[in-house]
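Novice: Okay, handing you the structure first.
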Number of protein chains: 2
Amino acid sequence: MAEPFHCDFSGRMFLGQIGNQMLNAADFHSTDRGFGMKYLMTINRSWVLSRLAIEMEEMPTQYERYNIETWVESAMKFFTSRNFCVSGSDGRIYGYGRSIWAMIDTETRQPTDIYAIDNGAIDQWIVADKPCPIEKGGRVKMGDNAKLVRTLDVGYNDIDINGHVNSVKYIEHTLDLWGVDWYRGHHLKRFEIAYVAETHPSDRLSLYREQTAGNECFVRLVKTDADSGKEAEVCRCKLVFS
Amino acid sequence: MAEPFHCDFSGRMFLGQIGNQMLNAADFHSTDRGFGMKYLMTINRSWVLSRLAIEMEEMPTQYERYNIETWVESAMKFFTSRNFCVSGSDGRIYGYGRSIWAMIDTETRQPTDIYAIDNGAIDQWIVADKPCPIEKGGRVKMGDNAKLVRTLDVGYNDIDINGHVNSVKYIEHTLDLWGVDWYRGHHLKRFEIAYVAETHPSDRLSLYREQTAGNECFVRLVKTDADSGKEAEVCRCKLVFS
């Protein structure tokens, strides 16, 4: 159900909340099939979200019941692609999501072979012919014209059990770059994020924005290490408004 | 269920998420009894949360199932007090909550008589003898020694369908004043918040903190109007760490 506090000023669900529920669906789906985080941790493996694209025609509104369906579209040695469909209880389609996940070795933090798990069992779960009629996400190419628009200290509420900023918080910080007045006049049609590195509790985040012609925007998030002052890109977002 | 992204670095639920679920429980409970927000809106009435106190011995951890029970302890002309109990699926008590609600006229924004609704029907729902073994919240008295520790612009994700900052976001912004390192060494035993005024999208929030002897802290949130520059207190929090 679209809970009241998960909805924005217009009574429509926040995109970050949709993203959160997609990640939950991915977690439950993979757990049910023996590929869940809990099991992977026992063999020093973990899923890492590499890219997420969400395209919504419409958002569930306050108190509405909705479903999130998820399936694995394809798998390669180091990556798997997982799709999502968000629908209403009346069958209406709200939108779709596409995600790319890597499997890493939690000790070396390097990508590892997904097919090494349970003799390539992931092949049993691939549904290649189910349509997901939104564009695949790309690497989110940005020019060098992005302007620094905000800096913020990572907060206690940003950090999840992995000890770094959770994937959804980047989406929320990015969407907070526009005010309620902007959202009154613009529908966020597509949101795409490519994750590059992890942000830790003592880091500072800088957000750089590039507003191109038309309704496309790009946002780059850069972390600054508190001790060394070293900067590193943590993710890039592409937003399409209509 | 304690969803992964609703849990902090230690795998325990964020207090803000417990607060959010308490407010959901209050909403469903009052709706089931004909006192819900949806019905009240049709007669130009609304519940307004005036105070909330949460005391947790322990927090549900990632993937744990928990229950929130709520009941109306008492009602007066302008206020009602509603309690909460958070328990695990094994019956273990995690903690309790106490809240005070006013009913306002949505046109005049003034308090109105709760007993005028359905001939004082609220009396049917009062459970006076159920224990809620935590202290009642007070007005949260603060001295004048609080120091300005942070200012922030209200963001799109802070605003709910009422057009102002949602009650839970104040809790999150307050808890973000302490870093992960602090929470590693301190358990937040009790959190108390008294709501004074509403914060709007273009306002700026200033957080003033007063750390007293022992493990008590006070935080005052003040809004600054973007146009007039006028300041007004919006809420006060009292935190007890152990």
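Convention: chains lettered A, B, ... in structure tokens order; per-chain residue numbering from 1; ligands numbered from 1 as shown.
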Do me a favour and pick out the residues of chain B within 7 Å of chain A, using only C-alpha atoms, as a list in words.
Specialist: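 Going by the stated atoms only, the list reads Phe5, Cys7, Asp8, Phe9, Ser10, Gly11, Gly155, Tyr156, Asn157, Ile159, Asp160, Ile161, Asn162, Gly163, Glu172, Asp176, Trp178, Gly179, Val180 and Pro201 of chain B.
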Novice: Tell me which protein, DNA and RNA residues are within 10 Å of region 214-229 of chain A, counting only C-alpha atoms, leaving out same-chain ones fewer than 5 positions away, and put them as a PyMOL selection string.
Specialist: chain A and resi 140-143+146-154+170+173-175+177+186+188-209+234-242
Novice: Write the residues you've just listed into a file as a CSV table (one decimal), in the first residue's frame, and include N, CA and C atoms for each of them.
Specialist:
chain,number,residue,atom,x,y,z
A,140,VAL,N,25.3,6.7,-18.3
A,140,VAL,CA,25.0,8.1,-18.0
A,140,VAL,C,26.2,9.0,-18.3
A,141,LYS,N,26.2,9.4,-19.6
A,141,LYS,CA,27.3,10.2,-20.0
A,141,LYS,C,27.0,11.7,-19.7
A,142,MET,N,28.0,12.3,-19.1
A,142,MET,CA,27.8,13.7,-18.7
A,142,MET,C,29.0,14.5,-19.3
A,143,GLY,N,28.7,15.8,-19.6
A,143,GLY,CA,29.8,16.7,-20.0
A,143,GLY,C,30.5,17.2,-18.8
A,146,ALA,N,28.7,20.5,-15.6
A,146,ALA,CA,27.9,20.4,-14.4
A,146,ALA,C,28.4,21.4,-13.3
A,147,LYS,N,27.4,22.0,-12.7
A,147,LYS,CA,27.7,23.0,-11.7
A,147,LYS,C,27.4,22.4,-10.3
A,148,LEU,N,28.3,22.7,-9.3
A,148,LEU,CA,28.1,22.3,-7.9
A,148,LEU,C,26.9,23.1,-7.4
A,149,VAL,N,25.9,22.3,-7.0
A,149,VAL,CA,24.6,22.9,-6.5
A,149,VAL,C,24.3,22.6,-5.1
A,150,ARG,N,25.0,21.6,-4.5
A,150,ARG,CA,24.7,21.4,-3.1
A,150,ARG,C,25.8,20.5,-2.5
A,151,THR,N,26.2,20.7,-1.2
A,151,THR,CA,27.0,19.8,-0.5
A,151,THR,C,26.3,19.4,0.8
A,152,LEU,N,26.5,18.2,1.2
A,152,LEU,CA,25.8,17.8,2.4
A,152,LEU,C,26.7,16.7,3.1
A,153,ASP,N,26.6,16.7,4.5
A,153,ASP,CA,27.3,15.7,5.2
A,153,ASP,C,26.4,14.5,5.3
A,154,VAL,N,27.0,13.3,5.1
A,154,VAL,CA,26.3,12.1,5.2
A,154,VAL,C,25.8,12.0,6.6
A,170,TYR,N,20.7,8.2,-2.3
A,170,TYR,CA,21.2,9.0,-3.4
A,170,TYR,C,20.1,9.5,-4.3
A,173,HIS,N,18.4,12.4,-2.3
A,173,HIS,CA,19.2,13.6,-2.3
A,173,HIS,C,19.2,14.3,-3.6
A,174,THR,N,19.2,13.5,-4.7
A,174,THR,CA,19.2,14.0,-6.0
A,174,THR,C,17.8,14.7,-6.3
A,175,LEU,N,16.7,14.1,-6.0
A,175,LEU,CA,15.4,14.6,-6.2
A,175,LEU,C,15.2,15.9,-5.4
A,177,LEU,N,17.1,18.2,-5.1
A,177,LEU,CA,17.7,19.4,-5.7
A,177,LEU,C,16.6,20.3,-6.4
A,186,HIS,N,6.1,19.6,-13.2
A,186,HIS,CA,6.8,18.6,-14.0
A,186,HIS,C,6.7,17.2,-13.5
A,188,LEU,N,8.2,13.6,-13.3
A,188,LEU,CA,9.5,12.8,-13.5
A,188,LEU,C,9.2,11.5,-14.2
A,189,LYS,N,9.5,11.5,-15.5
A,189,LYS,CA,9.1,10.4,-16.3
A,189,LYS,C,10.1,9.2,-16.2
A,190,ARG,N,11.4,9.6,-16.1
A,190,ARG,CA,12.4,8.5,-16.1
A,190,ARG,C,13.5,9.0,-15.1
A,191,PHE,N,14.0,8.0,-14.3
A,191,PHE,CA,15.1,8.3,-13.5
A,191,PHE,C,16.1,7.1,-13.6
A,192,GLU,N,17.4,7.5,-13.8
A,192,GLU,CA,18.4,6.5,-14.1
A,192,GLU,C,19.6,6.8,-13.2
A,193,ILE,N,20.1,5.7,-12.6
A,193,ILE,CA,21.3,6.0,-11.7
A,193,ILE,C,22.3,4.9,-12.0
A,194,ALA,N,23.5,5.3,-12.1
A,194,ALA,CA,24.7,4.4,-12.2
A,194,ALA,C,25.5,4.5,-11.0
A,195,TYR,N,25.7,3.4,-10.2
A,195,TYR,CA,26.5,3.5,-9.0
A,195,TYR,C,27.9,3.2,-9.3
A,196,VAL,N,28.8,4.0,-8.8
A,196,VAL,CA,30.2,3.9,-9.1
A,196,VAL,C,31.1,3.5,-7.9
A,197,ALA,N,30.8,4.1,-6.7
A,197,ALA,CA,31.6,3.8,-5.5
A,197,ALA,C,30.7,4.0,-4.3
A,198,GLU,N,31.2,3.5,-3.1
A,198,GLU,CA,30.4,3.6,-1.9
A,198,GLU,C,30.8,4.9,-1.1
A,199,THR,N,29.8,5.4,-0.4
A,199,THR,CA,30.0,6.6,0.4
A,199,THR,C,30.0,6.2,1.9
A,200,HIS,N,30.9,6.6,2.7
A,200,HIS,CA,31.0,6.2,4.1
A,200,HIS,C,30.5,7.3,5.0
A,201,PRO,N,30.2,7.0,6.3
A,201,PRO,CA,29.6,7.9,7.2
A,201,PRO,C,30.3,9.3,7.4
A,202,SER,N,31.6,9.3,7.3
A,202,SER,CA,32.3,10.6,7.5
A,202,SER,C,32.5,11.4,6.3
A,203,ASP,N,32.0,10.9,5.1
A,203,ASP,CA,32.2,11.6,3.9
A,203,ASP,C,31.3,12.7,3.7
A,204,ARG,N,31.7,13.6,2.8
A,204,ARG,CA,30.8,14.7,2.5
A,204,ARG,C,30.4,14.5,1.0
A,205,LEU,N,29.1,14.8,0.7
A,205,LEU,CA,28.7,14.6,-0.7
A,205,LEU,C,28.5,15.9,-1.4
A,206,SER,N,29.0,16.0,-2.6
A,206,SER,CA,28.8,17.2,-3.4
A,206,SER,C,27.9,16.8,-4.6
A,207,LEU,N,26.9,17.6,-4.9
A,207,LEU,CA,26.0,17.3,-6.0
A,207,LEU,C,26.2,18.3,-7.2
A,208,TYR,N,26.6,17.8,-8.3
A,208,TYR,CA,26.8,18.7,-9.5
A,208,TYR,C,25.7,18.4,-10.5
A,209,ARG,N,25.1,19.5,-11.0
A,209,ARG,CA,23.9,19.3,-11.9
A,209,ARG,C,24.2,20.0,-13.2
A,234,VAL,N,30.7,9.0,-6.9
A,234,VAL,CA,30.0,7.8,-6.3
A,234,VAL,C,28.8,7.4,-7.1
A,235,CYS,N,28.2,8.3,-7.8
A,235,CYS,CA,27.1,7.9,-8.8
A,235,CYS,C,26.7,9.0,-9.7
A,236,ARG,N,26.0,8.6,-10.8
A,236,ARG,CA,25.5,9.6,-11.7
A,236,ARG,C,24.1,9.3,-12.0
A,237,CYS,N,23.3,10.4,-12.1
A,237,CYS,CA,21.9,10.2,-12.4
A,237,CYS,C,21.5,10.9,-13.7
A,238,LYS,N,20.5,10.4,-14.4
A,238,LYS,CA,19.9,11.1,-15.5
A,238,LYS,C,18.4,11.1,-15.2
A,239,LEU,N,17.9,12.3,-15.3
A,239,LEU,CA,16.4,12.5,-15.1
A,239,LEU,C,15.8,13.0,-16.3
A,240,VAL,N,14.6,12.5,-16.6
A,240,VAL,CA,13.8,13.0,-17.7
A,240,VAL,C,12.5,13.5,-17.2
A,241,PHE,N,12.2,14.8,-17.3
A,241,PHE,CA,11.0,15.3,-16.9
A,241,PHE,C,10.0,15.5,-18.1
A,242,SER,N,8.7,15.5,-17.8
A,242,SER,CA,7.8,15.9,-18.9
A,242,SER,C,6.7,16.8,-18.4
Novice: Considering only C-alpha atoms, return as an MDAnalysis selection string whatever protein or nucleic-acid residues lie within 9 Å of Arg65 (chain B), sequence-local ones (same chain, fewer than 3 positions apart) excluded.
Specialist: chainID B and resid 1:2 60:62 87:89
